[in-house]
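What follows is the content of target35.cif (mmCIF, C-alpha atoms and all ligand atoms).
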```
data_data
#
loop_
_atom_site.label_atom_id
_atom_site.label_comp_id
_atom_site.auth_asym_id
_atom_site.auth_seq_id
_atom_site.Cartn_x
_atom_site.Cartn_y
_atom_site.Cartn_z
CA MET A 263 199.86 142.48 159.88
CA ILE A 264 199.57 145.89 158.23
CA LEU A 265 196.97 148.63 158.82
CA VAL A 266 195.58 150.26 155.69
CA THR A 267 193.35 153.37 155.82
CA GLY A 268 190.91 154.17 153.01
CA GLY A 269 191.00 150.56 151.81
CA ALA A 270 187.42 150.66 150.50
CA GLY A 271 188.20 153.45 148.01
CA PHE A 272 189.50 153.15 144.47
CA ILE A 273 193.26 152.73 145.04
CA GLY A 274 192.98 151.35 148.57
CA SER A 275 190.68 148.49 147.55
CA ASN A 276 192.92 147.59 144.60
CA PHE A 277 195.84 147.60 147.04
CA VAL A 278 194.06 145.36 149.58
CA LEU A 279 193.03 142.87 146.87
CA ASP A 280 196.52 142.72 145.35
CA TRP A 281 198.24 142.47 148.73
CA LEU A 282 196.13 139.54 149.91
CA ALA A 283 196.60 137.80 146.54
CA GLN A 284 200.38 138.00 147.00
CA HIS A 285 201.07 137.89 150.75
CA ASP A 286 200.09 135.75 153.73
CA GLU A 287 200.17 138.87 155.89
CA SER A 288 196.80 140.13 157.15
CA ILE A 289 195.31 143.62 156.72
CA VAL A 290 193.27 145.74 159.09
CA ASN A 291 191.32 148.07 156.82
CA LEU A 292 190.06 151.29 158.47
CA ASP A 293 187.63 153.23 156.29
CA LYS A 294 184.96 155.83 157.03
CA LEU A 295 182.87 154.70 154.02
CA THR A 296 182.24 158.16 152.65
CA TYR A 297 180.45 158.35 149.28
CA ALA A 298 183.77 157.13 147.76
CA GLY A 299 184.16 154.10 150.01
CA ASN A 300 182.49 150.96 148.73
CA LEU A 301 182.61 147.55 150.36
CA GLU A 302 181.44 146.00 147.09
CA ASN A 303 185.00 146.55 145.85
CA LEU A 304 186.04 143.98 148.46
CA ARG A 305 183.21 141.51 147.93
CA SER A 306 185.62 138.81 146.71
CA LEU A 307 187.16 138.84 150.22
CA GLU A 308 183.98 137.70 152.00
CA GLY A 309 184.99 135.00 154.50
CA GLU A 310 188.69 135.91 154.14
CA ALA A 311 190.14 135.80 157.68
CA ARG A 312 193.20 137.87 156.66
CA HIS A 313 191.00 140.92 155.96
CA ILE A 314 189.61 142.75 159.00
CA PHE A 315 187.39 145.68 158.04
CA VAL A 316 186.81 148.45 160.58
CA HIS A 317 184.30 151.23 159.88
CA GLY A 318 185.79 154.43 161.27
CA ASP A 319 187.61 157.72 160.83
CA ILE A 320 191.38 158.26 160.69
CA GLY A 321 190.72 161.37 162.81
CA ASP A 322 189.37 159.21 165.67
CA SER A 323 192.55 158.83 167.74
CA THR A 324 190.89 156.62 170.34
CA LEU A 325 189.82 154.13 167.69
CA VAL A 326 193.18 154.21 165.90
CA SER A 327 195.08 153.76 169.18
CA ARG A 328 192.90 150.77 170.04
CA LEU A 329 193.49 149.19 166.63
CA LEU A 330 197.24 149.68 166.91
CA ALA A 331 197.36 148.17 170.40
CA GLU A 332 195.14 145.24 169.45
CA HIS A 333 196.70 144.28 166.11
CA GLN A 334 200.30 145.50 166.50
CA PRO A 335 200.76 146.20 162.77
CA ARG A 336 204.30 146.50 161.45
CA ALA A 337 203.19 149.31 159.14
CA VAL A 338 200.41 151.87 158.61
CA LEU A 339 199.59 152.82 155.00
CA ASN A 340 197.49 155.97 154.69
CA PHE A 341 195.28 156.01 151.57
CA ALA A 342 192.31 157.69 153.28
CA ALA A 343 191.48 161.10 151.85
CA GLU A 344 188.94 163.28 150.17
CA SER A 345 190.31 162.93 146.64
CA HIS A 346 188.21 164.78 144.05
CA VAL A 347 189.44 168.23 142.95
CA ASP A 348 186.00 169.45 141.79
CA ARG A 349 184.46 168.56 145.16
CA SER A 350 187.28 170.47 146.90
CA ILE A 351 186.37 173.57 144.89
CA LEU A 352 182.70 173.37 145.88
CA GLY A 353 183.37 172.41 149.51
CA PRO A 354 186.95 172.63 150.81
CA GLY A 355 186.08 172.03 154.49
CA ALA A 356 185.88 168.23 154.28
CA PHE A 357 189.31 168.18 152.62
CA ILE A 358 190.92 170.07 155.49
CA GLU A 359 189.06 167.89 158.00
CA THR A 360 190.21 164.54 156.62
CA ASN A 361 193.39 165.28 154.67
CA VAL A 362 194.94 167.68 157.19
CA VAL A 363 193.31 167.24 160.63
CA GLY A 364 192.66 163.53 160.02
CA THR A 365 196.28 162.93 159.01
CA LEU A 366 197.47 164.90 162.06
CA ASN A 367 195.36 162.77 164.42
CA LEU A 368 196.49 159.58 162.68
CA LEU A 369 200.15 160.61 162.96
CA GLU A 370 199.74 161.40 166.64
CA ALA A 371 198.10 158.05 167.42
CA VAL A 372 200.80 156.24 165.43
CA ARG A 373 203.57 158.22 167.12
CA ALA A 374 202.28 157.36 170.60
CA HIS A 375 202.12 153.67 169.66
CA TRP A 376 205.51 153.65 167.91
CA SER A 377 207.25 155.48 170.81
CA ALA A 378 206.27 152.70 173.19
CA LEU A 379 207.59 149.88 170.98
CA PRO A 380 210.86 148.09 171.84
CA ALA A 381 213.90 149.27 169.81
CA ASP A 382 213.68 146.49 167.20
CA GLY A 383 209.93 147.12 166.73
CA GLN A 384 210.59 150.84 166.29
CA ALA A 385 213.31 150.19 163.72
CA ALA A 386 211.12 147.85 161.66
CA PHE A 387 207.97 150.03 161.79
CA ARG A 388 206.88 152.15 158.78
CA PHE A 389 204.24 154.86 158.20
CA LEU A 390 203.64 155.12 154.43
CA HIS A 391 201.70 158.17 153.26
CA VAL A 392 200.04 157.97 149.83
CA SER A 393 200.13 161.36 148.14
CA THR A 394 199.80 162.98 144.75
CA ASP A 395 201.76 164.78 142.03
CA GLU A 396 199.28 167.68 142.34
CA VAL A 397 201.26 169.07 145.31
CA TYR A 398 203.91 170.24 142.81
CA GLY A 399 201.50 172.57 140.98
CA THR A 400 201.40 172.88 137.21
CA LEU A 401 203.93 172.64 134.38
CA GLY A 402 204.41 174.61 131.16
CA PRO A 403 204.62 172.72 127.84
CA GLY A 404 208.45 172.47 127.76
CA ASP A 405 209.12 172.10 131.49
CA PRO A 406 210.88 168.97 132.77
CA ALA A 407 208.66 166.47 134.62
CA PHE A 408 208.26 166.84 138.41
CA ALA A 409 211.21 165.37 140.34
CA GLU A 410 211.02 164.75 144.10
CA THR A 411 213.00 167.98 144.58
CA HIS A 412 210.41 170.16 142.82
CA ARG A 413 209.04 172.85 145.13
CA TYR A 414 205.51 172.46 146.46
CA GLU A 415 203.09 174.80 144.64
CA PRO A 416 199.58 173.40 145.19
CA ASN A 417 196.80 175.23 143.33
CA SER A 418 193.50 173.65 144.41
CA PRO A 419 191.98 173.16 147.87
CA TYR A 420 192.53 169.41 147.31
CA SER A 421 196.22 169.72 146.43
CA ALA A 422 196.79 172.28 149.21
CA SER A 423 195.31 169.84 151.72
CA LYS A 424 197.46 166.99 150.41
CA ALA A 425 200.55 169.25 150.48
CA ALA A 426 199.78 170.11 154.10
CA SER A 427 199.50 166.42 154.97
CA ASP A 428 202.83 165.68 153.25
CA HIS A 429 204.46 168.43 155.33
CA LEU A 430 203.03 166.98 158.55
CA VAL A 431 204.38 163.53 157.65
CA ARG A 432 207.80 165.00 156.88
CA ALA A 433 207.84 166.96 160.15
CA TRP A 434 206.85 163.91 162.21
CA HIS A 435 209.96 162.19 160.85
CA HIS A 436 212.35 165.10 161.35
CA THR A 437 211.04 166.12 164.77
CA TYR A 438 210.00 162.83 166.37
CA GLY A 439 211.93 160.28 164.31
CA LEU A 440 208.79 158.48 163.09
CA PRO A 441 209.94 156.19 160.23
CA VAL A 442 207.89 157.58 157.35
CA LEU A 443 207.80 157.11 153.59
CA THR A 444 205.81 159.26 151.14
CA THR A 445 204.77 158.43 147.59
CA ASN A 446 203.59 161.12 145.12
CA CYS A 447 201.73 159.49 142.26
CA SER A 448 200.23 160.71 139.00
CA ASN A 449 196.64 160.06 137.80
CA ASN A 450 195.47 156.49 138.31
CA TYR A 451 192.85 154.60 136.32
CA GLY A 452 191.49 151.04 136.45
CA PRO A 453 188.80 148.89 138.12
CA PHE A 454 186.62 150.35 140.93
CA HIS A 455 187.34 153.96 139.89
CA PHE A 456 184.42 156.10 141.07
CA PRO A 457 182.60 157.59 138.05
CA GLU A 458 183.08 161.22 139.11
CA LYS A 459 186.66 161.09 137.75
CA LEU A 460 187.39 161.59 134.05
CA ILE A 461 187.96 158.08 132.67
CA PRO A 462 185.13 156.19 134.45
CA LEU A 463 182.77 159.15 133.95
CA ILE A 464 183.39 159.04 130.19
CA ILE A 465 182.83 155.27 130.01
CA VAL A 466 179.66 155.39 132.10
CA ASN A 467 178.19 158.45 130.35
CA ALA A 468 179.03 157.09 126.90
CA LEU A 469 177.19 153.83 127.57
CA ALA A 470 174.22 155.72 129.02
CA GLY A 471 173.96 157.97 125.92
CA GLN A 472 174.86 161.04 128.02
CA PRO A 473 177.13 163.99 127.08
CA LEU A 474 180.87 163.47 127.63
CA PRO A 475 181.93 166.69 129.45
CA VAL A 476 185.40 167.97 128.51
CA TYR A 477 186.56 171.00 130.52
CA GLY A 478 187.79 174.07 128.63
CA ASP A 479 189.74 173.22 125.46
CA GLY A 480 190.54 169.66 126.58
CA GLN A 481 194.27 170.26 126.07
CA GLN A 482 195.20 169.83 129.77
CA ILE A 483 197.75 167.07 130.19
CA ARG A 484 197.75 164.34 132.83
CA ASP A 485 200.26 161.48 133.31
CA TRP A 486 198.30 158.22 133.59
CA LEU A 487 199.21 155.08 135.54
CA TYR A 488 197.24 151.83 135.79
CA VAL A 489 196.15 151.46 139.42
CA LYS A 490 197.77 148.06 139.92
CA ASP A 491 201.13 149.56 138.95
CA HIS A 492 200.62 152.21 141.65
CA CYS A 493 199.93 149.37 144.12
CA SER A 494 203.12 147.52 143.11
CA ALA A 495 205.09 150.75 143.57
CA ILE A 496 203.69 151.21 147.09
CA ARG A 497 204.55 147.61 147.99
CA ARG A 498 208.12 148.17 146.72
CA VAL A 499 208.56 151.46 148.62
CA LEU A 500 207.24 149.82 151.80
CA GLU A 501 209.68 146.96 151.32
CA ALA A 502 212.82 148.86 150.40
CA GLY A 503 212.30 152.64 150.55
CA THR A 504 214.72 154.79 152.54
CA VAL A 505 213.06 156.10 155.70
CA GLY A 506 212.24 159.82 155.44
CA ASP A 507 212.40 159.81 151.63
CA THR A 508 209.69 160.62 149.10
CA TYR A 509 209.21 158.67 145.85
CA ASN A 510 207.46 159.86 142.72
CA VAL A 511 205.33 157.24 140.98
CA GLY A 512 204.30 157.61 137.34
CA GLY A 513 203.91 155.80 134.07
CA TRP A 514 205.54 158.21 131.58
CA ASN A 515 202.13 158.47 129.89
CA GLU A 516 201.37 162.13 129.31
CA LYS A 517 198.13 162.59 127.41
CA ALA A 518 195.79 165.50 126.71
CA ASN A 519 192.30 165.03 128.16
CA ILE A 520 190.64 165.22 124.75
CA ASP A 521 192.89 162.39 123.50
CA ILE A 522 191.94 160.28 126.54
CA VAL A 523 188.26 160.88 125.83
CA ARG A 524 188.60 160.11 122.11
CA GLY A 525 190.64 156.97 122.91
CA VAL A 526 187.98 155.67 125.30
CA CYS A 527 185.30 156.41 122.69
CA ALA A 528 187.25 154.46 120.05
CA LEU A 529 187.59 151.45 122.38
CA LEU A 530 183.87 151.51 123.09
CA ASP A 531 183.15 151.77 119.34
CA GLU A 532 185.11 148.53 118.97
CA LEU A 533 183.90 146.64 122.05
CA ARG A 534 180.28 147.86 122.42
CA PRO A 535 179.23 149.79 119.27
CA ARG A 536 176.30 152.19 119.57
CA ALA A 537 172.99 150.77 118.38
CA ASP A 538 172.64 153.59 115.83
CA GLY A 539 176.11 152.91 114.38
CA LYS A 540 177.34 156.45 115.22
CA PRO A 541 180.69 156.94 117.06
CA TYR A 542 180.60 157.62 120.81
CA ALA A 543 182.76 160.70 120.14
CA ALA A 544 179.57 162.35 118.84
CA GLN A 545 178.61 162.67 122.55
CA ILE A 546 181.69 164.84 123.38
CA THR A 547 180.63 168.20 124.82
CA PHE A 548 183.06 170.98 125.73
CA VAL A 549 181.96 172.65 128.97
CA LYS A 550 183.11 175.52 131.20
CA ASP A 551 186.60 174.95 132.58
CA ARG A 552 187.46 173.92 136.16
CA PRO A 553 188.49 177.06 138.15
CA GLY A 554 192.27 177.16 138.65
CA HIS A 555 192.65 174.13 136.38
CA ASP A 556 196.29 172.92 136.34
CA ARG A 557 197.46 172.74 132.73
CA ARG A 558 199.99 169.92 132.82
CA TYR A 559 201.29 167.24 135.21
CA ALA A 560 204.21 164.95 134.40
CA ILE A 561 206.06 162.69 136.80
CA ASP A 562 209.75 161.87 136.72
CA ALA A 563 209.79 158.40 138.30
CA ARG A 564 213.50 157.70 137.77
CA LYS A 565 214.35 157.61 141.49
CA LEU A 566 211.89 154.77 142.10
CA GLU A 567 213.03 152.96 138.97
CA LYS A 568 216.78 153.29 139.63
CA GLU A 569 216.93 152.96 143.42
CA LEU A 570 214.20 150.38 143.96
CA GLY A 571 214.01 148.71 140.53
CA TRP A 572 210.27 149.39 140.06
CA LYS A 573 208.71 149.38 136.59
CA PRO A 574 205.03 149.56 135.59
CA ALA A 575 203.69 146.33 134.10
CA GLU A 576 201.06 147.99 131.86
CA THR A 577 201.38 150.40 128.98
CA PHE A 578 198.57 152.92 128.64
CA GLU A 579 197.15 150.91 125.73
CA THR A 580 196.96 147.61 127.69
CA GLY A 581 195.75 149.31 130.87
CA ILE A 582 192.97 151.34 129.28
CA ARG A 583 191.67 148.30 127.35
CA LYS A 584 191.53 146.30 130.62
CA THR A 585 189.74 149.21 132.28
CA VAL A 586 187.07 149.63 129.59
CA GLU A 587 186.54 145.85 129.55
CA TRP A 588 186.15 145.87 133.36
CA TYR A 589 183.38 148.50 133.19
CA LEU A 590 181.64 146.59 130.40
CA THR A 591 181.61 143.39 132.45
CA ASN A 592 180.62 145.04 135.76
CA PRO A 593 177.48 147.10 135.03
CA GLU A 594 175.96 146.17 138.41
CA TRP A 595 178.91 147.81 140.24
CA VAL A 596 178.23 151.03 138.33
CA GLU A 597 174.48 150.82 138.99
CA HIS A 598 175.09 150.41 142.73
CA VAL A 599 177.47 153.37 143.08
CA GLN A 600 175.02 155.58 141.21
CA SER A 601 173.05 156.23 144.36
CA GLY A 602 170.75 159.21 144.97
CA ALA A 603 173.62 161.13 146.56
CA TYR A 604 175.72 160.61 143.46
CA ARG A 605 172.96 161.88 141.17
CA GLU A 606 172.68 165.01 143.33
CA TRP A 607 176.40 165.61 142.88
CA LEU A 608 176.09 165.38 139.09
CA GLY A 609 173.34 168.02 139.14
CA GLN A 610 175.44 170.31 141.36
CA GLN A 611 178.63 169.86 139.34
CA TYR A 612 177.40 169.92 135.75
CA GLY A 613 173.97 171.59 136.01
CA HIS A 614 175.38 175.14 135.83
CA ARG A 615 178.03 174.35 133.21
CA GLN A 616 176.76 175.52 129.83
CA ALA A 617 177.74 173.35 126.89
CA GLN A 618 180.13 175.59 124.95
CA LYS A 619 180.43 173.58 121.78
CA GLU A 620 179.13 170.22 120.65
CA SER A 621 181.59 168.05 118.78
CA THR A 622 180.35 165.59 116.25
CA LYS A 623 183.82 164.61 115.08
CA ALA A 624 184.88 161.00 115.62
P1 LIG B 1 188.92 157.59 146.87
O1 LIG B 1 188.23 158.89 147.05
O2 LIG B 1 188.47 156.65 145.83
O3 LIG B 1 188.92 156.78 148.25
C1 LIG B 1 189.17 157.39 149.48
C2 LIG B 1 188.80 156.40 150.58
O4 LIG B 1 189.10 157.00 151.84
C3 LIG B 1 187.30 156.04 150.60
O5 LIG B 1 187.14 154.65 150.79
C4 LIG B 1 186.77 156.83 151.79
O6 LIG B 1 185.64 156.21 152.40
C5 LIG B 1 187.98 156.84 152.70
N1 LIG B 1 187.98 157.95 153.65
C6 LIG B 1 187.71 159.28 153.38
N2 LIG B 1 187.79 159.99 154.50
C7 LIG B 1 188.15 159.14 155.50
C8 LIG B 1 188.41 159.30 156.89
N3 LIG B 1 188.34 160.50 157.49
N4 LIG B 1 188.74 158.20 157.61
C9 LIG B 1 188.82 156.99 157.02
N5 LIG B 1 188.56 156.78 155.72
C10 LIG B 1 188.24 157.85 154.97
O7 LIG B 1 190.45 157.98 146.67
P2 LIG B 1 191.56 157.25 145.78
O8 LIG B 1 191.49 157.76 144.39
O9 LIG B 1 191.52 155.80 146.04
O10 LIG B 1 192.87 157.87 146.44
C11 LIG B 1 193.51 157.23 147.54
C12 LIG B 1 194.71 158.07 147.95
O11 LIG B 1 195.61 158.19 146.86
C13 LIG B 1 194.35 159.50 148.35
O12 LIG B 1 195.16 159.87 149.44
C14 LIG B 1 194.68 160.34 147.12
O13 LIG B 1 195.04 161.64 147.49
C15 LIG B 1 195.87 159.56 146.57
N6 LIG B 1 196.09 159.64 145.12
C16 LIG B 1 195.06 159.39 144.25
C17 LIG B 1 195.32 159.39 142.88
C18 LIG B 1 194.24 159.10 141.87
O14 LIG B 1 194.47 159.27 140.65
N7 LIG B 1 193.06 158.66 142.27
C19 LIG B 1 196.61 159.67 142.41
C20 LIG B 1 197.63 159.94 143.34
C21 LIG B 1 197.36 159.91 144.70
O1 LIG B 2 197.25 163.72 139.59
C1 LIG B 2 196.78 162.89 140.60
C2 LIG B 2 195.35 163.25 140.93
O2 LIG B 2 194.55 162.75 139.85
C3 LIG B 2 194.86 162.69 142.25
O3 LIG B 2 195.62 163.24 143.29
C4 LIG B 2 193.38 162.99 142.46
O4 LIG B 2 192.92 162.37 143.65
C5 LIG B 2 192.62 162.43 141.28
O5 LIG B 2 191.24 162.75 141.40
C6 LIG B 2 193.17 162.99 139.98
O6 LIG B 2 192.90 164.42 139.88
P1 LIG B 2 192.46 165.10 138.50
O7 LIG B 2 191.80 166.37 138.79
O8 LIG B 2 193.60 165.12 137.53
O9 LIG B 2 191.42 163.95 137.98
P2 LIG B 2 189.99 164.07 137.29
O10 LIG B 2 189.64 162.70 136.82
O11 LIG B 2 189.01 164.81 138.12
O12 LIG B 2 190.30 164.96 136.00
C7 LIG B 2 191.27 164.56 135.04
C8 LIG B 2 191.35 165.65 134.00
O13 LIG B 2 190.12 165.66 133.25
C9 LIG B 2 191.48 167.04 134.59
O14 LIG B 2 192.31 167.84 133.75
C10 LIG B 2 190.05 167.59 134.56
C11 LIG B 2 189.44 166.91 133.36
N1 LIG B 2 187.99 166.62 133.44
C12 LIG B 2 187.53 165.99 134.55
C13 LIG B 2 186.17 165.69 134.68
C14 LIG B 2 185.64 165.02 135.93
C15 LIG B 2 187.15 166.94 132.38
O15 LIG B 2 187.60 167.48 131.34
N2 LIG B 2 185.83 166.64 132.50
C16 LIG B 2 185.29 166.05 133.62
O16 LIG B 2 184.05 165.85 133.67
#
```
Can the structure in the file be given as structure tokens, please?
Ligand code: NAD
Ligand code: DAU
Amino acid sequence: MILVTGGAGFIGSNFVLDWLAQHDESIVNLDKLTYAGNLENLRSLEGEARHIFVHGDIGDSTLVSRLLAEHQPRAVLNFAAESHVDRSILGPGAFIETNVVGTLNLLEAVRAHWSALPADGQAAFRFLHVSTDEVYGTLGPGDPAFAETHRYEPNSPYSASKAASDHLVRAWHHTYGLPVLTTNCSNNYGPFHFPEKLIPLIIVNALAGQPLPVYGDGQQIRDWLYVKDHCSAIRRVLEAGTVGDTYNVGGWNEKANIDIVRGVCALLDELRPRADGKPYAAQITFVKDRPGHDRRYAIDARKLEKELGWKPAETFETGIRKTVEWYLTNPEWVEHVQSGAYREWLGQQYGHRQAQKESTKA
């Protein structure tokens, strides 16, 4: 038995589905079901006895303590977080509440449980914290990719809150001996990705005939990894990672945002051409930049590759095709997540952003 938090979100739900497809071991899935949590992601598990869903908050120590005592998991994997940088700029409080205070409360409940285990149970137990490359800050064009030894230089309320949580996890190991592992991953994409993030937003807006908003000059670089490769990395770190260590996870796929957007448009032109025969790229609209926008992320994943033998299964080309095909075959999932609350967010986020330049280039 393992306990997963945030298992109804994008990465967490992919992790739960992959885990149960590959293991006999059960999962207790604790999720608060914020706007980003969606039980439809887990619909294929209906009637699956190995999946126990619990609606609740990682900050609720009483609930977490009860779950630990009742299910005696051998590991806790913490995916739960507020995860969207733009939301953290408009409202940082929720990020501190869940990512910092929530992680603190979770760590304390886990520590109390772990301290009372017999010696062999303590030795086998793991707390795996899922974190991000954004804690390392931003890179210049010629800088080497982030290694695990790169100093922490978070620039957004989101990345600062994740950095704080990483520090708490580290301290709980060094001070109390809690057997922790931390993973710092680059940008994920794939099925069940909430359409506030770049790739799903572009697919969904393109199909709806809406503008495709590109921040600033579109030359910011992200390092993209197919979500199922992130899940396989987490499974490998849980299985064989050195306690107290951190592991960078990335796909060696650095791409400028504008190239991502044009690539998605080209795939849609092939798979679902526009009725008027025009290219989807005609919908690209350059808008006001994100405040404090990090220019470049790149992950050096050699430690994970060399020490634990992990390799991604997908290239960017295979992964992005699978992703676009998934959105084309799951329009009802998109319709359902586009609730009233989501439409309000779009108004708040993009309403004030003036279109700076319309591109009609393919
Ligand atoms: P997400 O926003 O899609 O999902 C977050 C999930 O956590 C949701 O199901 C939500 O309901 C749940 N949650 C939020 N607050 C909670 C709380 N207080 N208690 C319990 N559940 C709560 O996020 P994601 O993209 O799946 O990211 C998962 C984790 O991976 C996060 O920790 C994020 O920082 C990290 N990460 C994400 C990416 C990425 O590209 N998406 C990359 C690297 C690391
Ligand atoms: O690097 C890992 C991080 O990747 C995770 O820790 C975060 O949880 C995850 O949300 C993601 O953060 P980003 O800010 O990189 O992802 P997002 O999809 O929001 O943006 C990707 C890039 O695209 C970024 O440079 C901003 C830009 N962008 C984004 C949106 C939503 C646009 O140009 N237009 C948009 O409308």
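Nearest residue to A:Gly321 among A:Leu301, A:Ala371, A:Val266, A:Ala575 is A:Ala371, counting all atoms listed in the file.
Among A:Phe454, A:Phe408, A:Trp376, A:Trp434, the residue with the shortest atom-to-atom distance to ligand LIG 1 (chain B), counting all atoms listed in the file, is A:Phe454.
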Test item: residues no farther than 9 Å from ligand LIG 2 (chain B), counting all atoms listed in the file, as a ChimeraX atom specification: /A:343-348,393-397,420-421,424,446-451,457-464,474-486,518-520,522-523,548-549,551-552,555-560,611-612
Restricted to C-alpha atoms, what would the selected residues look like written as a short mmCIF file (atom, residue, chain, number, x, y, z; two decimals), in the frame of the given file?
```cif
data_model
loop_
_atom_site.label_atom_id
_atom_site.label_comp_id
_atom_site.auth_asym_id
_atom_site.auth_seq_id
_atom_site.Cartn_x
_atom_site.Cartn_y
_atom_site.Cartn_z
CA ALA A 343 191.48 161.10 151.85
CA GLU A 344 188.94 163.28 150.17
CA SER A 345 190.31 162.93 146.64
CA HIS A 346 188.21 164.78 144.05
CA VAL A 347 189.44 168.23 142.95
CA ASP A 348 186.00 169.45 141.79
CA SER A 393 200.13 161.36 148.14
CA THR A 394 199.80 162.98 144.75
CA ASP A 395 201.76 164.78 142.03
CA GLU A 396 199.28 167.68 142.34
CA VAL A 397 201.26 169.07 145.31
CA TYR A 420 192.53 169.41 147.31
CA SER A 421 196.22 169.72 146.43
CA LYS A 424 197.46 166.99 150.41
CA ASN A 446 203.59 161.12 145.12
CA CYS A 447 201.73 159.49 142.26
CA SER A 448 200.23 160.71 139.00
CA ASN A 449 196.64 160.06 137.80
CA ASN A 450 195.47 156.49 138.31
CA TYR A 451 192.85 154.60 136.32
CA PRO A 457 182.60 157.59 138.05
CA GLU A 458 183.08 161.22 139.11
CA LYS A 459 186.66 161.09 137.75
CA LEU A 460 187.39 161.59 134.05
CA ILE A 461 187.96 158.08 132.67
CA PRO A 462 185.13 156.19 134.45
CA LEU A 463 182.77 159.15 133.95
CA ILE A 464 183.39 159.04 130.19
CA LEU A 474 180.87 163.47 127.63
CA PRO A 475 181.93 166.69 129.45
CA VAL A 476 185.40 167.97 128.51
CA TYR A 477 186.56 171.00 130.52
CA GLY A 478 187.79 174.07 128.63
CA ASP A 479 189.74 173.22 125.46
CA GLY A 480 190.54 169.66 126.58
CA GLN A 481 194.27 170.26 126.07
CA GLN A 482 195.20 169.83 129.77
CA ILE A 483 197.75 167.07 130.19
CA ARG A 484 197.75 164.34 132.83
CA ASP A 485 200.26 161.48 133.31
CA TRP A 486 198.30 158.22 133.59
CA ALA A 518 195.79 165.50 126.71
CA ASN A 519 192.30 165.03 128.16
CA ILE A 520 190.64 165.22 124.75
CA ILE A 522 191.94 160.28 126.54
CA VAL A 523 188.26 160.88 125.83
CA PHE A 548 183.06 170.98 125.73
CA VAL A 549 181.96 172.65 128.97
CA ASP A 551 186.60 174.95 132.58
CA ARG A 552 187.46 173.92 136.16
CA HIS A 555 192.65 174.13 136.38
CA ASP A 556 196.29 172.92 136.34
CA ARG A 557 197.46 172.74 132.73
CA ARG A 558 199.99 169.92 132.82
CA TYR A 559 201.29 167.24 135.21
CA ALA A 560 204.21 164.95 134.40
CA GLN A 611 178.63 169.86 139.34
CA TYR A 612 177.40 169.92 135.75
#
```
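Atom CA of A:Gly439 sits 19.7 Å away from atom CA of A:Ser323.
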Stretch 491-499 of chain A surroundings by only C-alpha atoms, 6 Å radius, close-in-sequence under 4 positions cut, as a PyMOL selection string: chain A and resi 277+503+574
Box time for stretch 554-560 of chain A: axis-aligned, enclosing all its listed atoms, 4 Å extra on each side; report centre and edge lengths in Å to one decimal, as JSON.
```
{"center_x": 198.2, "center_y": 171.1, "center_z": 135.7, "size_x": 19.9, "size_y": 20.2, "size_z": 13.9}
```
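Distance check against A:Gln384 using all atoms listed in the file: of A:Val338, A:Thr400, A:Lys550, A:Pro441, the minimum falls on A:Pro441.
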Ref. answer, residues at most 8 Å from (197.7, 155.2, 169.9) with all atoms listed in the file, as number ranges by chain: A: 323-324, 326-328, 330-331, 370-375
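Atom pair atom CA of A:Ala270 / atom CA of A:Gly299: separated by 4.8 Å.
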Atomic distance atom CA of A:Lys490 - atom CA of A:Glu576, expressed in Å with one decimal: 8.7 Å
Compute the distance from (198.2, 168.6, 154.2) to each atom, counting all atoms listed in the file, keep the residues with any atom at most 9 Å away, and return them as a compact mmCIF listing (two decimals) with C-alpha atoms, in the coordinates of the input; use the coordinates of the file.
```
# COMPACT_ATOMS: atom_id res chain seq x y z
CA ILE A 358 190.92 170.07 155.49
CA ASN A 361 193.39 165.28 154.67
CA VAL A 362 194.94 167.68 157.19
CA VAL A 363 193.31 167.24 160.63
CA THR A 365 196.28 162.93 159.01
CA LEU A 366 197.47 164.90 162.06
CA TYR A 420 192.53 169.41 147.31
CA SER A 421 196.22 169.72 146.43
CA ALA A 422 196.79 172.28 149.21
CA SER A 423 195.31 169.84 151.72
CA LYS A 424 197.46 166.99 150.41
CA ALA A 425 200.55 169.25 150.48
CA ALA A 426 199.78 170.11 154.10
CA SER A 427 199.50 166.42 154.97
CA ASP A 428 202.83 165.68 153.25
CA HIS A 429 204.46 168.43 155.33
CA LEU A 430 203.03 166.98 158.55
CA VAL A 431 204.38 163.53 157.65
```
